[in-house]
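Structure below is query_35.txt: compact mmCIF, C-alpha atoms.
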# COMPACT_ATOMS: atom_id res chain seq x y z
CA MET A 845 -7.15 -11.91 -11.36
CA ARG A 846 -6.90 -9.38 -14.16
CA ILE A 847 -8.55 -6.79 -11.89
CA VAL A 848 -5.90 -7.48 -9.24
CA ALA A 849 -3.07 -7.05 -11.75
CA ILE A 850 -4.45 -3.79 -13.16
CA THR A 851 -5.15 -2.32 -9.71
CA THR A 852 -1.70 -3.40 -8.49
CA ALA A 853 0.02 -1.77 -11.48
CA ILE A 854 -1.92 1.51 -11.20
CA THR A 855 -1.36 1.73 -7.44
CA PHE A 856 2.34 0.97 -7.79
CA LEU A 857 2.81 3.54 -10.57
CA ILE A 858 0.92 6.31 -8.72
CA ASP A 859 2.94 5.62 -5.57
CA GLN A 860 6.33 5.61 -7.29
CA LEU A 861 5.48 8.61 -9.49
CA SER A 862 4.29 10.67 -6.49
CA LYS A 863 7.48 9.84 -4.57
CA TRP A 864 9.69 10.69 -7.53
CA LEU A 865 7.91 14.01 -8.15
CA VAL A 866 7.88 15.15 -4.53
CA VAL A 867 11.25 13.84 -3.37
CA HIS A 868 13.36 14.46 -6.48
CA VAL A 869 11.62 16.94 -8.80
CA MET A 870 10.25 19.22 -6.03
CA GLY A 871 13.42 18.65 -4.01
CA LEU A 872 11.82 17.53 -0.76
CA ALA A 873 14.85 15.35 0.03
CA SER A 874 16.95 18.51 0.44
CA LEU A 875 14.24 21.01 1.49
CA GLN A 876 12.79 18.61 4.09
CA SER A 877 9.49 20.54 4.20
CA ILE A 878 7.04 22.10 1.73
CA ASP A 879 3.81 23.71 2.94
CA VAL A 880 1.04 22.86 0.48
CA LEU A 881 -2.23 23.74 2.26
CA PRO A 882 -1.14 24.44 5.82
CA PRO A 883 -2.02 23.02 8.29
CA PHE A 884 -4.16 20.45 6.44
CA LEU A 885 -1.60 19.16 3.93
CA ASN A 886 2.15 19.52 4.03
CA PHE A 887 5.03 17.60 2.56
CA ARG A 888 7.51 16.56 5.25
CA MET A 889 10.41 14.29 4.32
CA ALA A 890 10.62 11.25 6.55
CA TRP A 891 12.71 8.18 5.80
CA ASN A 892 10.95 5.29 7.50
CA TYR A 893 13.35 2.46 8.33
CA GLY A 894 10.67 0.46 10.16
CA ILE A 895 6.98 -0.22 9.70
CA ASN A 896 4.08 2.13 10.49
CA PHE A 897 5.07 5.13 12.61
CA GLY A 898 8.69 3.93 12.65
CA LEU A 899 8.01 0.78 14.66
CA LEU A 900 10.86 -1.73 14.37
CA GLY A 901 12.93 1.09 12.96
CA GLY A 902 16.63 0.74 12.71
CA GLU A 903 19.07 1.40 9.96
CA ALA A 904 20.54 -2.10 10.14
CA ALA A 905 20.71 -3.88 6.80
CA ALA A 906 19.18 -6.98 8.40
CA THR A 907 16.06 -5.02 9.40
CA LYS A 908 15.64 -3.78 5.84
CA TRP A 909 15.82 -7.27 4.35
CA VAL A 910 13.55 -8.80 7.01
CA LEU A 911 10.89 -6.15 6.27
CA ILE A 912 11.26 -6.73 2.52
CA ALA A 913 10.84 -10.48 3.05
CA VAL A 914 7.77 -9.96 5.26
CA ALA A 915 6.18 -7.63 2.70
CA LEU A 916 6.82 -10.07 -0.15
CA GLY A 917 5.45 -12.90 2.01
CA ILE A 918 2.26 -10.92 2.61
CA VAL A 919 1.96 -10.20 -1.13
CA LEU A 920 2.31 -13.91 -1.91
CA PHE A 921 -0.22 -14.85 0.79
CA VAL A 922 -2.78 -12.34 -0.53
CA LEU A 923 -2.28 -13.51 -4.12
CA VAL A 924 -2.83 -17.15 -3.16
CA TRP A 925 -5.87 -16.22 -1.05
CA LEU A 926 -7.43 -14.18 -3.85
CA ARG A 927 -6.85 -16.98 -6.35
CA ARG A 928 -8.27 -19.72 -4.13
CA ASP A 929 -11.29 -17.79 -2.85
CA PRO A 930 -11.95 -14.70 -5.01
CA PRO A 931 -13.93 -12.20 -2.93
CA GLY A 932 -15.75 -10.44 -5.79
CA ARG A 933 -14.86 -7.32 -7.77
CA LEU A 934 -14.43 -4.92 -4.83
CA GLY A 935 -12.39 -7.48 -2.91
CA LEU A 936 -10.12 -8.02 -5.91
CA ILE A 937 -9.61 -4.27 -6.20
CA ALA A 938 -8.82 -4.13 -2.48
CA GLY A 939 -6.29 -6.92 -2.92
CA GLY A 940 -4.67 -5.02 -5.79
CA LEU A 941 -4.43 -1.88 -3.65
CA LEU A 942 -2.74 -3.80 -0.84
CA ILE A 943 -0.32 -5.58 -3.19
CA GLY A 944 0.54 -2.43 -5.18
CA GLY A 945 1.19 -0.46 -2.00
CA ALA A 946 3.33 -3.20 -0.48
CA LEU A 947 5.40 -3.50 -3.66
CA GLY A 948 5.83 0.29 -3.79
CA ASN A 949 7.30 0.31 -0.30
CA VAL A 950 9.49 -2.72 -1.12
CA VAL A 951 10.99 -0.81 -4.06
CA ASP A 952 11.73 2.12 -1.74
CA ARG A 953 13.57 -0.16 0.68
CA VAL A 954 15.63 -1.62 -2.15
CA LEU A 955 16.43 1.77 -3.76
CA TYR A 956 16.82 3.98 -0.68
CA GLY A 957 17.19 1.57 2.25
CA ALA A 958 14.02 3.08 3.75
CA VAL A 959 10.48 4.01 2.73
CA ALA A 960 10.03 7.58 1.49
CA ASP A 961 7.17 9.13 3.48
CA PHE A 962 6.15 12.70 2.71
CA LEU A 963 2.43 13.34 3.30
CA ASN A 964 1.66 15.11 6.56
CA MET A 965 -1.82 16.16 7.57
CA SER A 966 -2.88 18.13 10.63
CA CYS A 967 -6.13 19.73 11.63
CA CYS A 968 -8.03 21.52 14.30
CA GLY A 969 -5.08 22.45 16.53
CA ILE A 970 -3.61 18.93 16.44
CA ASP A 971 -0.06 18.87 15.08
CA ASN A 972 0.52 15.45 13.52
CA PRO A 973 4.23 14.56 13.66
CA PHE A 974 3.91 11.55 11.35
CA ALA A 975 4.23 11.29 7.58
CA PHE A 976 2.97 8.63 5.19
CA ASN A 977 2.78 8.00 1.45
CA VAL A 978 0.40 6.81 -1.27
CA ALA A 979 1.48 3.19 -0.73
CA ASP A 980 0.51 3.41 2.95
CA ILE A 981 -2.94 4.70 2.00
CA ALA A 982 -3.36 1.88 -0.52
CA ILE A 983 -2.24 -0.79 1.98
CA PHE A 984 -4.66 0.51 4.61
CA ALA A 985 -7.58 0.84 2.16
CA GLY A 986 -6.82 -2.58 0.68
CA ALA A 987 -6.69 -4.29 4.07
CA ILE A 988 -9.99 -2.69 5.16
CA GLY A 989 -11.54 -3.59 1.79
CA LEU A 990 -10.48 -7.23 2.11
CA VAL A 991 -11.95 -7.43 5.61
CA LEU A 992 -15.25 -5.91 4.47
CA ALA A 993 -15.47 -7.62 1.06
CA PRO A 994 -18.24 -10.18 0.73
CA GLY A 995 -17.02 -13.79 0.71
CA GLY A 996 -16.11 -15.54 -2.50
CA LYS A 997 -16.70 -19.18 -3.28
CA ALA A 998 -17.01 -20.13 0.38
CA GLY A 999 -20.10 -17.94 0.77
CA ALA A 1000 -21.65 -18.80 -2.60
CA LYS A 1001 -24.56 -21.16 -3.14
CA PRO A 1002 -23.51 -24.55 -4.51
CA ARG A 1003 -24.24 -25.05 -8.19
CA ARG A 1004 -26.34 -27.97 -9.39
CA LYS A 1005 -24.72 -30.39 -11.75
CA ALA A 1006 -26.29 -30.60 -15.19
CA GLY A 1007 -28.95 -33.29 -15.51
CA LYS A 1008 -29.68 -33.55 -11.77
CA LYS A 1009 -32.86 -32.29 -10.20
CA ALA A 1010 -32.83 -30.26 -7.06
CA PRO A 1011 -34.38 -32.00 -4.04
So, in terms of structure tokens, how does the structure I just supplied come out?
Amino acid sequence: MRIVAITTAITFLIDQLSKWLVVHVMGLASLQSIDVLPPFLNFRMAWNYGINFGLLGGEAAATKWVLIAVALGIVLFVLVWLRRDPPGRLGLIAGGLLIGGALGNVVDRVLYGAVADFLNMSCCGIDNPFAFNVADIAIFAGAIGLVLAPGGKAGAKPRRKAGKKAP
């Protein structure tokens, strides 16, 4: 579980630091848009009151607290799952990514009332209207990693007890 804790902490810190730098230091909250490598990478300020792509969006305080509770419930579920059936090193890292990203977005909801999204990527004549953040990337990568991670104890060969011969 140490791997999970370290990965969670690093993911959380990178997410929060990137948001602080872009939104406050670079002033994206007031500028609303900064072209970095157009059209491939731009910073576009988007306050996400819902889940991915603004689904379940609404500025109601109840929505905010429901989404915080759901995120914390998912974090607890993943922690229990990883403890009961550790999926191996890559699976533990994936779990840490998911947990760190979820906690990063929870902090945004508590501090700002919404998640600070700012990364916008477009390519090849397609203008992407959506923005995301480091936490979103970590959650997505973590979820995919947990799905693809080899099984833990459930998939392992049973160990022989000392002093007993194998049949």
Looking at A:Ile943, A:Ile970, A:Leu857, A:Ala873, which one is nearest to Gly917 (chain A), with distances taken over all atoms listed in the file? A:Ile943
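Near Leu990 (chain A), within a cut-off of 9 Å and counting all atoms listed in the file, sit the residues Pro931, Leu934, Gly935, Leu936, Ile937, Ala938, Gly939, Leu942 and Ala985 of chain A, with same-chain residues fewer than 5 positions away left out.
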Can you sort out the box for region 866-873 of chain A, edges along x, y and z, all listed atoms in, 5 Å on every side, with centre and edge lengths in Å to one decimal, as lines of an AutoDock Vina configuration file?
center_x = 11.4
center_y = 16.5
center_z = -4.4
size_x = 17.0
size_y = 15.4
size_z = 18.8
Excluding same-chain residues fewer than 4 positions from Ser877 (chain A), what lies within 7 Å of it counting only C-alpha atoms, as a ChimeraX atom specification? /A:872,887-889
Polymer residues at most 10 Å from (0.7, -7.2, -3.5) by all atoms listed in the file, as a PyMOL selection string: chain A and resi 848-849+851-853+855-856+915-923+939-948+983+986
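The point (-4.0, 22.6, 11.0) has these residues within 12 Å of it when all atoms listed in the file are used: Asp879, Val880, Leu881, Pro882, Pro883, Phe884, Leu885, Asn886, Asn964, Met965, Ser966, Cys967, Cys968, Gly969, Ile970, Asp971, Asn972 and Pro973 of chain A.
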Expected file contents, prior selection, C-alpha atoms, as a PDB file, keeping the file's coordinate frame:
ATOM      1  CA  ASP A 879       3.810  23.710   2.940  1.00  0.00           C
ATOM      2  CA  VAL A 880       1.040  22.860   0.480  1.00  0.00           C
ATOM      3  CA  LEU A 881      -2.230  23.740   2.260  1.00  0.00           C
ATOM      4  CA  PRO A 882      -1.140  24.440   5.820  1.00  0.00           C
ATOM      5  CA  PRO A 883      -2.020  23.020   8.290  1.00  0.00           C
ATOM      6  CA  PHE A 884      -4.160  20.450   6.440  1.00  0.00           C
ATOM      7  CA  LEU A 885      -1.600  19.160   3.930  1.00  0.00           C
ATOM      8  CA  ASN A 886       2.150  19.520   4.030  1.00  0.00           C
ATOM      9  CA  ASN A 964       1.660  15.110   6.560  1.00  0.00           C
ATOM     10  CA  MET A 965      -1.820  16.160   7.570  1.00  0.00           C
ATOM     11  CA  SER A 966      -2.880  18.130  10.630  1.00  0.00           C
ATOM     12  CA  CYS A 967      -6.130  19.730  11.630  1.00  0.00           C
ATOM     13  CA  CYS A 968      -8.030  21.520  14.300  1.00  0.00           C
ATOM     14  CA  GLY A 969      -5.080  22.450  16.530  1.00  0.00           C
ATOM     15  CA  ILE A 970      -3.610  18.930  16.440  1.00  0.00           C
ATOM     16  CA  ASP A 971      -0.060  18.870  15.080  1.00  0.00           C
ATOM     17  CA  ASN A 972       0.520  15.450  13.520  1.00  0.00           C
ATOM     18  CA  PRO A 973       4.230  14.560  13.660  1.00  0.00           C
TER      19      PRO A 973
END
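The interatomic distance for the pair CA of Ile878 (chain A) and CA of Leu963 (chain A) works out to 10.0 Å.
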Can you pull out every residue within 12 Å of Leu955 (chain A), counting all atoms listed in the file, but drop anything in the same chain fewer than 6 positions away, and send it as a PyMOL selection string? chain A and resi 860+864+908+912+948-949
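Closest to Trp909 (chain A) among A:Arg927, A:Arg953, A:Lys863, A:His868 is A:Arg953, based on only C-alpha atoms.
We find CA of Ala913 (chain A) and CA of Phe984 (chain A) to be spaced 19.1 Å apart.
Among A:Val924, A:Ala890, A:Leu875, A:Leu861, the residue with the shortest atom-to-atom distance to Met845 (chain A), counting only C-alpha atoms, is A:Val924.
Candidate residues A:Ala906, A:Gly957, A:Val951, A:Trp891 were compared for distance to Phe974 (chain A), and the nearest is A:Trp891, using only C-alpha atoms.
For the pair CA of Leu926 (chain A) and CA of Ile858 (chain A), the interatomic distance is 22.7 Å.
Closest to Thr907 (chain A) among A:Ser862, A:Asn892, A:Ser874, A:Asn977 is A:Asn892, based on all atoms listed in the file.
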Identify which of the residues A:Val954, A:Val914, A:Val959, A:Val991 lies closest to Phe976 (chain A), counting all atoms listed in the file when measuring atom-to-atom distances. A:Val959
Region 864-877 of chain A from the block above, C-alpha atoms, as a compact mmCIF listing (two decimals), in the first residue's frame, please?
# COMPACT_ATOMS: atom_id res chain seq x y z
CA TRP A 864 -2.43 26.87 -9.02
CA LEU A 865 0.23 27.84 -11.57
CA VAL A 866 -2.11 28.09 -14.55
CA VAL A 867 -5.19 29.54 -12.89
CA HIS A 868 -3.59 31.93 -10.38
CA VAL A 869 0.06 32.60 -11.34
CA MET A 870 -0.52 32.73 -15.13
CA GLY A 871 -3.88 34.42 -14.55
CA LEU A 872 -6.05 32.06 -16.58
CA ALA A 873 -9.01 32.74 -14.28
CA SER A 874 -9.13 36.32 -15.59
CA LEU A 875 -7.62 35.84 -19.08
CA GLN A 876 -9.86 32.83 -19.81
CA SER A 877 -7.55 31.67 -22.64
